[in-house]
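Engineer: Input structure: start-v2.csv, which contains CSV, C-alpha atoms and all ligand atoms.
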chain,number,residue,atom,x,y,z
A,15,MET,CA,5.3,-0.2,10.7
A,16,LYS,CA,3.7,3.0,9.4
A,17,PHE,CA,3.1,3.5,5.8
A,18,ILE,CA,2.5,6.8,4.0
A,19,PHE,CA,-0.9,7.1,2.3
A,20,VAL,CA,-2.3,9.9,0.2
A,21,CYS,CA,-5.9,10.8,0.5
A,22,PRO,CA,-7.3,10.7,-3.1
A,23,LYS,CA,-9.9,13.2,-2.3
A,24,GLN,CA,-7.8,15.9,-0.8
A,25,ASN,CA,-4.4,14.9,-2.1
A,26,ARG,CA,-2.9,15.1,1.4
A,27,VAL,CA,-0.5,12.7,3.0
A,28,PHE,CA,-0.9,10.9,6.3
A,29,GLU,CA,0.8,8.0,8.1
A,30,SER,CA,-1.0,5.0,9.3
A,31,ALA,CA,0.0,1.6,10.7
A,32,ASP,CA,-3.6,0.4,10.9
A,33,PHE,CA,-4.3,-1.3,7.7
A,34,ARG,CA,-4.8,-4.8,6.3
A,35,ILE,CA,-3.6,-6.5,3.2
A,36,LEU,CA,-6.2,-7.8,0.7
A,37,ASP,CA,-5.9,-9.8,-2.5
A,38,ASN,CA,-2.2,-10.6,-2.0
A,39,ARG,CA,-0.9,-12.2,-5.2
A,40,GLY,CA,2.7,-11.9,-4.2
A,41,VAL,CA,5.5,-10.1,-6.0
A,42,ILE,CA,5.2,-9.3,-9.7
A,43,ARG,CA,7.6,-7.6,-12.1
A,44,ASP,CA,6.3,-4.8,-14.3
A,45,THR,CA,7.4,-4.3,-17.9
A,46,ALA,CA,10.4,-2.3,-16.7
A,47,GLY,CA,11.6,-5.1,-14.5
A,48,ASN,CA,10.7,-3.4,-11.3
A,49,LYS,CA,9.5,-5.5,-8.5
A,50,ALA,CA,6.1,-4.7,-7.0
A,51,LEU,CA,3.7,-6.3,-4.6
A,52,ASP,CA,0.4,-7.2,-6.3
A,53,ALA,CA,-1.9,-6.6,-3.4
A,54,LYS,CA,-4.3,-4.1,-2.0
A,55,LEU,CA,-4.1,-2.3,1.4
A,56,ALA,CA,-7.3,-1.3,3.1
A,57,LEU,CA,-7.2,1.2,5.9
A,58,ASN,CA,-8.8,-0.1,9.2
A,59,GLU,CA,-9.3,3.5,10.4
A,60,PRO,CA,-10.9,6.3,8.6
A,61,CYS,CA,-8.9,8.8,6.6
A,62,PRO,CA,-8.0,11.8,8.9
A,63,PHE,CA,-9.0,14.2,6.1
A,64,CYS,CA,-12.2,12.8,4.6
A,65,SER,CA,-13.2,10.0,7.0
A,66,GLU,CA,-13.4,7.4,4.3
A,67,LYS,CA,-11.7,4.0,4.6
A,68,HIS,CA,-9.6,4.1,1.5
A,69,VAL,CA,-8.2,1.1,-0.3
A,70,TYR,CA,-4.9,1.3,-2.2
A,71,HIS,CA,-3.0,-0.9,-4.5
A,72,ALA,CA,0.4,-1.6,-3.1
A,73,THR,CA,2.1,0.0,-6.0
A,74,GLU,CA,0.4,3.3,-5.2
A,75,LEU,CA,2.2,3.6,-1.9
A,76,GLN,CA,5.1,5.9,-1.6
A,77,CYS,CA,7.3,3.6,0.5
A,78,PRO,CA,8.5,0.4,-1.1
A,79,PHE,CA,7.0,-2.6,0.5
A,80,PRO,CA,9.4,-3.9,3.1
A,81,GLY,CA,11.0,-7.3,2.6
A,82,LEU,CA,10.2,-7.8,-1.1
A,83,ASP,CA,13.4,-9.7,-1.7
A,84,ARG,CA,12.6,-12.0,1.1
A,85,ILE,CA,9.1,-12.6,-0.1
A,86,GLU,CA,10.4,-13.6,-3.5
A,87,GLU,CA,12.9,-16.0,-2.1
A,88,GLY,CA,10.3,-17.7,0.0
B,1,ZN,ZN,-9.3,10.6,2.4
Output the structure of this file as structure tokens.
Structural biologist:
Amino acid sequence: MKFIFVCPKQNRVFESADFRILDNRGVIRDTAGNKALDAKLALNEPCPFCSEKHVYHATELQCPFPGLDRIEEG
């Protein structure tokens, strides 16, 4: 599955399916009651714009993390 990432240096969007999940603490709810995944995603391949391997918090990503409801049930 490809996710959409934003380069924080150039503020440009790219897609990548080559990432790994770090610090996965599962699903949390924010103060507004929205579900979010408390985890970090680290790119395995360099950013196409600045060549850094960015790390994002899951809540920064533009796509909702797939299968949140299923994770919470499990
Ligand atoms: Zn970048």
Engineer: Identify the residues within 9 Å of coordinate (1.3, 8.1, -5.7) (same frame as the file), considering only C-alpha atoms, and give the answer as a list in words.
Structural biologist: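 Final list of nearby residues, as requested, is Phe19, Val20, Thr73, Glu74, Leu75 and Gln76 of chain A.
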Engineer: Can you build me a table of chain A residues sitting at most 9 Å from ligand ZN 1 (chain B), with the closest atom pair per residue and its distance in Å to one decimal, using only C-alpha atoms and all ligand atoms, sorted by chain and residue number, as CSV?
Structural biologist:
residue,atom,partner,partner_atom,distance
A:Val20,CA,B:ZN1,ZN,7.4
A:Cys21,CA,B:ZN1,ZN,3.9
A:Pro22,CA,B:ZN1,ZN,5.9
A:Lys23,CA,B:ZN1,ZN,5.4
A:Gln24,CA,B:ZN1,ZN,6.4
A:Asn25,CA,B:ZN1,ZN,7.9
A:Arg26,CA,B:ZN1,ZN,7.9
A:Pro60,CA,B:ZN1,ZN,7.7
A:Cys61,CA,B:ZN1,ZN,4.6
A:Pro62,CA,B:ZN1,ZN,6.7
A:Phe63,CA,B:ZN1,ZN,5.2
A:Cys64,CA,B:ZN1,ZN,4.3
A:Ser65,CA,B:ZN1,ZN,6.1
A:Glu66,CA,B:ZN1,ZN,5.5
A:Lys67,CA,B:ZN1,ZN,7.4
A:His68,CA,B:ZN1,ZN,6.6
Engineer: List as an MDAnalysis selection string the protein and nucleic acid residues near segment 27-33 of chain A, meaning an atom at most 6 Å away when all atoms listed in the file are counted, but skip any in the same chain fewer than 5 places from it.
Structural biologist: chainID A and resid 15:20 56:58
Engineer: One decimal, in Å: what's the spacing between atom CA of Lys54 of chain A and atom CA of Val41 of chain A?
Structural biologist: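 Here the two named atoms are 12.2 Å from each other.
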Engineer: I'd like the neighbourhood of Arg39 of chain A as a list in words, where a residue qualifies if any of its atoms comes within 7 Å (using only C-alpha atoms), though same-chain residues fewer than 2 positions away should be ignored.
Structural biologist: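 That gives Asp37, Val41, Asp52 and Ala53 of chain A.
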Engineer: Using atom CA of Ala46 of chain A and atom CA of His71 of chain A as the two end points, give the distance in Å to one decimal.
Structural biologist: 18.2 Å
